[in-house]
$ cat coords15.csv   # CSV, C-alpha atoms
chain,number,residue,atom,x,y,z
A,1,MET,CA,0.0,0.0,0.0
A,2,SER,CA,1.4,3.4,-1.0
A,3,ARG,CA,1.9,6.0,1.7
A,4,LEU,CA,-0.5,8.8,1.8
A,5,ALA,CA,1.1,12.2,1.5
A,6,VAL,CA,-0.4,14.7,3.9
A,7,GLU,CA,0.4,18.4,4.0
A,8,GLN,CA,-0.7,20.7,6.7
A,9,ILE,CA,-2.1,23.9,5.2
A,10,GLN,CA,-3.4,25.7,8.3
A,11,SER,CA,-4.1,25.2,11.9
A,12,TYR,CA,-6.9,26.7,14.0
A,13,ALA,CA,-6.6,27.3,17.7
A,14,GLY,CA,-9.1,28.7,20.2
A,15,HIS,CA,-11.1,26.0,21.9
A,16,LYS,CA,-10.4,25.1,25.5
A,17,GLY,CA,-11.5,21.5,25.4
A,18,ALA,CA,-11.7,18.5,23.1
A,19,ILE,CA,-13.2,19.2,19.7
A,20,PHE,CA,-16.1,16.9,19.0
A,21,ALA,CA,-17.7,18.2,15.8
A,22,LEU,CA,-16.8,19.9,12.5
A,23,CYS,CA,-19.2,21.1,9.9
A,24,ALA,CA,-18.5,22.7,6.5
A,25,ASP,CA,-20.5,25.7,5.1
A,26,GLU,CA,-19.5,25.8,1.5
A,27,GLU,CA,-21.8,28.7,0.7
A,28,ASN,CA,-20.0,31.0,3.2
A,29,ASN,CA,-16.6,29.5,2.5
A,30,CYS,CA,-16.1,28.6,6.2
A,31,PHE,CA,-16.5,25.8,8.7
A,32,TYR,CA,-17.8,25.4,12.2
A,33,SER,CA,-16.3,23.6,15.2
A,34,ALA,CA,-17.8,22.6,18.5
A,35,ALA,CA,-16.1,21.4,21.6
A,36,ASP,CA,-16.2,20.3,25.2
A,37,ASP,CA,-16.0,23.9,26.2
A,38,GLY,CA,-19.6,24.5,25.0
A,39,ILE,CA,-18.6,27.0,22.4
A,40,VAL,CA,-19.4,26.9,18.6
A,41,VAL,CA,-16.9,28.8,16.4
A,42,LYS,CA,-17.0,29.9,12.8
A,43,TRP,CA,-13.7,29.7,11.0
A,44,PRO,CA,-12.8,31.1,7.5
A,45,LEU,CA,-11.1,28.8,5.1
A,46,ASP,CA,-8.6,31.4,4.1
A,47,ALA,CA,-5.2,30.0,5.1
A,48,ASP,CA,-3.9,33.5,6.0
A,49,ASN,CA,-6.6,34.0,8.6
A,50,ASN,CA,-7.1,31.8,11.6
A,51,THR,CA,-9.3,34.2,13.6
A,52,GLY,CA,-12.4,32.4,14.7
A,53,GLU,CA,-15.8,34.0,15.3
A,54,GLY,CA,-17.9,32.9,18.2
A,55,MET,CA,-21.4,31.7,17.1
A,56,LEU,CA,-22.8,30.3,20.3
A,57,SER,CA,-22.0,29.4,23.8
A,58,VAL,CA,-24.2,26.9,25.6
A,59,GLY,CA,-22.1,26.1,28.7
A,60,ARG,CA,-22.0,22.4,28.1
A,61,ALA,CA,-20.3,20.0,25.6
A,62,VAL,CA,-21.5,20.1,22.0
A,63,TYR,CA,-21.3,16.8,20.1
A,64,ALA,CA,-23.2,17.5,16.8
A,65,LEU,CA,-23.4,20.2,14.1
A,66,SER,CA,-25.4,20.4,10.9
A,67,ILE,CA,-26.2,23.0,8.2
A,68,VAL,CA,-29.6,23.7,6.6
A,69,PRO,CA,-28.2,25.5,3.6
A,70,GLU,CA,-31.4,26.9,2.0
A,71,LYS,CA,-32.4,28.5,5.4
A,72,ARG,CA,-28.9,29.5,6.3
A,73,GLN,CA,-29.2,27.8,9.6
A,74,LEU,CA,-26.7,26.1,11.8
A,75,TRP,CA,-28.1,23.3,14.1
A,76,VAL,CA,-26.2,22.6,17.3
A,77,GLY,CA,-26.8,19.4,19.4
A,78,ALA,CA,-25.7,19.6,23.0
A,79,SER,CA,-24.9,17.0,25.7
A,80,ASP,CA,-28.1,17.9,27.7
A,81,GLY,CA,-30.4,16.9,24.8
A,82,LYS,CA,-31.1,20.5,23.6
A,83,ILE,CA,-30.8,21.6,20.0
A,84,TYR,CA,-30.0,25.3,19.2
A,85,VAL,CA,-30.9,26.7,15.8
A,86,VAL,CA,-28.7,29.7,14.8
A,87,ASP,CA,-28.8,32.1,11.8
A,88,THR,CA,-25.4,31.8,10.1
A,89,GLU,CA,-25.4,35.4,9.0
A,90,SER,CA,-26.7,37.3,12.0
A,91,ARG,CA,-25.5,34.8,14.6
A,92,LYS,CA,-28.8,35.2,16.3
A,93,LEU,CA,-30.4,32.3,18.1
A,94,ILE,CA,-33.6,31.4,16.3
A,95,SER,CA,-34.9,28.6,18.5
A,96,THR,CA,-34.0,26.3,21.3
A,97,LEU,CA,-35.6,22.8,21.0
A,98,SER,CA,-35.8,20.4,23.9
A,99,ALA,CA,-35.4,17.3,21.7
A,100,HIS,CA,-34.2,14.8,24.3
A,101,THR,CA,-33.2,14.6,28.0
A,102,HIS,CA,-29.8,13.0,27.2
A,103,ALA,CA,-26.8,13.8,24.9
A,104,ILE,CA,-27.3,14.3,21.2
A,105,TYR,CA,-24.5,12.6,19.2
A,106,GLN,CA,-25.5,13.2,15.6
A,107,LEU,CA,-27.5,15.7,13.5
A,108,LYS,CA,-28.0,14.9,9.8
A,109,TYR,CA,-30.1,17.0,7.5
A,110,GLU,CA,-32.3,15.2,4.9
A,111,PRO,CA,-33.3,17.9,2.3
A,112,THR,CA,-35.9,16.0,0.3
A,113,HIS,CA,-38.3,15.9,3.3
A,114,HIS,CA,-36.9,19.0,5.0
A,115,GLN,CA,-36.1,16.9,8.1
A,116,MET,CA,-33.3,16.9,10.6
A,117,TRP,CA,-32.5,13.4,11.8
A,118,VAL,CA,-31.4,13.4,15.5
A,119,LEU,CA,-29.4,10.6,17.1
A,120,ALA,CA,-29.2,10.6,20.9
A,121,ALA,CA,-28.2,8.6,24.0
A,122,ASN,CA,-30.2,5.6,25.1
A,123,GLY,CA,-31.1,4.7,21.6
A,124,TRP,CA,-33.4,7.6,20.8
A,125,LEU,CA,-34.1,8.6,17.2
A,126,SER,CA,-36.0,11.8,16.3
A,127,LEU,CA,-37.0,13.6,13.2
A,128,ILE,CA,-37.5,17.4,13.3
A,129,ASP,CA,-39.4,19.3,10.6
A,130,THR,CA,-37.0,22.1,9.7
A,131,GLU,CA,-39.8,24.3,8.4
A,132,LYS,CA,-42.0,24.2,11.4
A,133,LEU,CA,-39.3,23.4,14.0
A,134,THR,CA,-41.5,20.6,15.4
A,135,THR,CA,-40.8,16.9,16.1
A,136,SER,CA,-42.4,14.7,13.5
A,137,PHE,CA,-41.1,11.4,14.8
A,138,SER,CA,-39.5,10.2,18.0
A,139,ARG,CA,-38.8,6.6,19.1
A,140,GLN,CA,-36.4,4.6,21.2
A,141,ILE,CA,-35.0,2.0,18.8
A,142,HIS,CA,-32.5,0.5,21.2
A,143,SER,CA,-31.2,1.0,24.8
A,144,GLU,CA,-27.7,1.8,23.6
A,145,ASN,CA,-26.4,5.1,22.3
A,146,LEU,CA,-27.0,6.0,18.6
A,147,ARG,CA,-23.7,7.3,17.2
A,148,SER,CA,-23.6,7.7,13.4
A,149,LEU,CA,-25.8,8.2,10.4
A,150,VAL,CA,-25.5,8.2,6.6
A,151,PHE,CA,-28.1,8.4,3.9
A,152,HIS,CA,-28.0,6.5,0.6
A,153,VAL,CA,-30.8,7.0,-2.0
A,154,ASP,CA,-34.0,6.4,0.0
A,155,GLN,CA,-32.3,4.6,2.9
A,156,ALA,CA,-30.8,5.6,6.2
A,157,PHE,CA,-28.1,3.6,8.0
A,158,ILE,CA,-27.5,4.1,11.7
A,159,GLY,CA,-24.5,2.9,13.7
A,160,SER,CA,-24.9,2.4,17.5
A,161,SER,CA,-23.1,1.4,20.6
A,162,ASP,CA,-24.4,-2.1,20.5
A,163,HIS,CA,-21.8,-2.8,17.7
A,164,SER,CA,-24.5,-2.8,15.1
A,165,ILE,CA,-25.6,-1.0,11.9
A,166,ARG,CA,-29.4,-0.6,11.3
A,167,GLN,CA,-31.2,0.2,8.1
A,168,TYR,CA,-34.4,2.2,7.7
A,169,GLY,CA,-36.3,3.7,4.9
A,170,ILE,CA,-36.2,7.5,4.9
A,171,ASP,CA,-40.0,7.4,4.4
A,172,SER,CA,-40.5,4.8,7.2
A,173,PRO,CA,-38.1,5.5,10.1
A,174,ASP,CA,-40.4,3.4,12.3
A,175,LYS,CA,-39.5,0.2,10.4
A,176,GLU,CA,-36.1,-1.5,10.8
A,177,THR,CA,-35.4,-3.3,7.5
A,178,TYR,CA,-32.0,-4.8,8.2
A,179,LYS,CA,-29.5,-5.0,11.0
A,180,TRP,CA,-26.0,-6.5,11.3
A,181,GLU,CA,-23.1,-6.5,13.7
A,182,ALA,CA,-20.2,-4.6,12.1
A,183,HIS,CA,-17.8,-4.1,14.9
A,184,SER,CA,-16.9,-5.5,18.3
A,185,ARG,CA,-17.6,-2.1,19.9
A,186,SER,CA,-19.5,1.2,19.2
A,187,VAL,CA,-19.9,2.2,15.5
A,188,PHE,CA,-18.8,5.8,15.5
A,189,SER,CA,-18.7,6.7,11.8
A,190,LEU,CA,-20.4,5.7,8.6
A,191,LEU,CA,-19.6,6.6,5.0
A,192,ILE,CA,-20.9,5.7,1.6
A,193,HIS,CA,-18.4,5.4,-1.2
A,194,PRO,CA,-19.3,7.8,-4.1
A,195,GLY,CA,-19.7,4.8,-6.4
A,196,ALA,CA,-22.6,3.7,-4.2
A,197,HIS,CA,-21.2,0.2,-3.8
A,198,TYR,CA,-19.6,0.2,-0.4
A,199,LEU,CA,-20.7,1.2,3.1
A,200,MET,CA,-17.6,1.9,5.3
A,201,SER,CA,-17.7,2.1,9.0
A,202,GLY,CA,-15.3,3.1,11.8
A,203,GLY,CA,-15.6,1.9,15.4
A,204,MET,CA,-14.4,2.1,18.9
A,205,ASP,CA,-12.6,-1.2,18.2
A,206,ALA,CA,-10.1,0.8,16.0
A,207,GLN,CA,-11.3,-1.1,12.9
A,208,LEU,CA,-12.3,0.1,9.5
A,209,ALA,CA,-15.0,-2.2,8.0
A,210,ILE,CA,-16.1,-2.2,4.4
A,211,CYS,CA,-19.4,-3.8,3.5
A,212,ASP,CA,-20.9,-4.5,0.0
A,213,LEU,CA,-24.3,-2.8,-0.5
A,214,LYS,CA,-25.0,-4.9,-3.5
A,215,GLN,CA,-24.3,-8.3,-1.8
A,216,GLU,CA,-26.5,-8.2,1.3
A,217,TYR,CA,-24.0,-6.2,3.2
A,218,ILE,CA,-21.4,-8.9,3.1
A,219,LEU,CA,-18.1,-7.9,4.9
A,220,LYS,CA,-15.5,-7.4,2.1
A,221,ARG,CA,-12.7,-6.3,4.3
A,222,LYS,CA,-11.8,-5.3,7.8
A,223,ILE,CA,-8.7,-3.2,8.4
A,224,PRO,CA,-7.1,-2.8,11.8
A,225,ASP,CA,-6.2,0.8,10.8
A,226,HIS,CA,-5.6,2.4,14.2
A,227,TYR,CA,-4.5,1.8,17.8
A,228,ILE,CA,-7.5,3.7,19.2
A,229,LYS,CA,-11.1,4.3,18.1
A,230,VAL,CA,-12.0,5.7,14.7
A,231,ASN,CA,-14.2,8.7,15.3
A,232,ASP,CA,-14.8,9.9,11.8
A,233,LEU,CA,-14.4,9.0,8.1
A,234,SER,CA,-14.0,11.1,5.0
A,235,LEU,CA,-13.0,10.6,1.4
A,236,SER,CA,-10.5,12.7,-0.6
A,237,THR,CA,-12.0,14.5,-3.5
A,238,SER,CA,-8.7,14.7,-5.3
A,239,ASN,CA,-8.9,11.1,-6.7
A,240,ASP,CA,-11.1,8.0,-6.7
A,241,ASN,CA,-9.1,6.1,-4.1
$ encode --input "coords15.csv" --output "structure tokens"
Amino acid sequence: MSRLAVEQIQSYAGHKGAIFALCADEENNCFYSAADDGIVVKWPLDADNNTGEGMLSVGRAVYALSIVPEKRQLWVGASDGKIYVVDTESRKLISTLSAHTHAIYQLKYEPTHHQMWVLAANGWLSLIDTEKLTTSFSRQIHSENLRSLVFHVDQAFIGSSDHSIRQYGIDSPDKETYKWEAHSRSVFSLLIHPGAHYLMSGGMDAQLAICDLKQEYILKRKIPDHYIKVNDLSLSTSNDN
């Protein structure tokens, strides 16, 4: 396997605790970060400028961020179960939603139905209507924490702390259509290959698993890629590898 060449372009410093979430805002040429210090910061992508702009301070750890681009909103999920909706231009707080009573680990916007999918502790899944800012669906699908989420066509895949990945129809979140154990510990990250052929997952077991979407999710390969947990996955846009 060829070595991956990595070049540091810029570093951003400002948080006073572990950084738990990053979120790109392509329209505004920036990204957002959230950390254990309870602060959400907006950072310009300009490599000559590393001055962050505070967007929100909630006084508790923030684990999840998501953009609703057509409404120019940043959604912030906190460790106490609250969701904060912020205007990305004015930085004004639009709404505070009491979505859950425990930590929110993932926010993922589904634009077709204008819904924010919310993954929380103790196995709770909620869908929030981003137009009305009301909860359209809420259900405890398992007793373990829900950690990761990815959409593919009309399907949603959810990784959880019971080592499993679950499949749901985007139109029918109340019906689990498939489930399999992908890791020996929590599934922290999910990623669909752009060719729509593989579902990749990273877990607390420090493994990278690759499953075939066209062959009943058969495990194609498992890579002991790290010494500690795999918190997130992303693909380079520079090539097809």
$ residues_around --input "coords15.csv" --residues "Leu127 of chain A" --least-positions-apart "4" --cutoff "6 Å" --atoms "all atoms listed in the file" --output "list in words"
Met116, Trp117, Thr135, Ser136 and Phe137 of chain A
$ atom_distance --input "coords15.csv" --atom1 "atom CA of Phe20 of chain A" --atom2 "atom CA of His197 of chain A"
28.7 Å
$ residues_around --input "coords15.csv" --residues "Lys16 of chain A" --least-positions-apart "2" --cutoff "8 Å" --atoms "only C-alpha atoms" --output "MDAnalysis selection string"
chainID A and resid 14 18 35:37
$ atom_distance --input "coords15.csv" --atom1 "atom CA of Leu199 of chain A" --atom2 "atom CA of Ala182 of chain A"
10.7 Å
$ residues_around --input "coords15.csv" --residues "segment 108-111 of chain A" --least-positions-apart "5" --cutoff "8 Å" --atoms "all atoms listed in the file" --output "PDB file with C-alpha atoms, in the coordinates of the input"
ATOM      1  CA  SER A  66     -25.400  20.400  10.900  1.00  0.00           C
ATOM      2  CA  ILE A  67     -26.200  23.000   8.200  1.00  0.00           C
ATOM      3  CA  VAL A  68     -29.600  23.700   6.600  1.00  0.00           C
ATOM      4  CA  MET A 116     -33.300  16.900  10.600  1.00  0.00           C
ATOM      5  CA  TRP A 117     -32.500  13.400  11.800  1.00  0.00           C
ATOM      6  CA  VAL A 118     -31.400  13.400  15.500  1.00  0.00           C
ATOM      7  CA  LEU A 149     -25.800   8.200  10.400  1.00  0.00           C
ATOM      8  CA  VAL A 150     -25.500   8.200   6.600  1.00  0.00           C
TER       9      VAL A 150
END
$ closest_residue --input "coords15.csv" --among "A:Ala120, A:Ile19, A:Leu191, A:Ala103" --to "Arg147 of chain A" --atoms "all atoms listed in the file"
A:Ala120
$ closest_residue --input "coords15.csv" --among "A:Arg139, A:Lys132, A:Arg221, A:Arg72" --to "Gln115 of chain A" --atoms "all atoms listed in the file"
A:Lys132
$ residues_near_point --input "coords15.csv" --point "(-22.0, 15.2, 18.2)" --cutoff "7 Å" --atoms "only C-alpha atoms" --output "list of chain:residue names"
A:Phe20, A:Ala21, A:Val62, A:Tyr63, A:Ala64, A:Leu65, A:Gly77, A:Ile104, A:Tyr105, A:Gln106
$ atom_distance --input "coords15.csv" --atom1 "atom CA of Ile158 of chain A" --atom2 "atom CA of Ser98 of chain A"
22.0 Å
$ closest_residue --input "coords15.csv" --among "A:Asp80, A:Glu27, A:Asp171, A:Glu144" --to "Leu97 of chain A" --atoms "only C-alpha atoms"
A:Asp80
$ residues_around --input "coords15.csv" --residues "segment 231-233 of chain A" --least-positions-apart "4" --cutoff "8 Å" --atoms "all atoms listed in the file" --output "ChimeraX atom specification"
/A:188-191,201-204
$ write_last_selection --input "coords15.csv" --atoms "C-alpha atoms" --output "PDB file, in the frame of the given file"
ATOM      1  CA  PHE A 188     -18.800   5.800  15.500  1.00  0.00           C
ATOM      2  CA  SER A 189     -18.700   6.700  11.800  1.00  0.00           C
ATOM      3  CA  LEU A 190     -20.400   5.700   8.600  1.00  0.00           C
ATOM      4  CA  LEU A 191     -19.600   6.600   5.000  1.00  0.00           C
ATOM      5  CA  SER A 201     -17.700   2.100   9.000  1.00  0.00           C
ATOM      6  CA  GLY A 202     -15.300   3.100  11.800  1.00  0.00           C
ATOM      7  CA  GLY A 203     -15.600   1.900  15.400  1.00  0.00           C
ATOM      8  CA  MET A 204     -14.400   2.100  18.900  1.00  0.00           C
TER       9      MET A 204
END
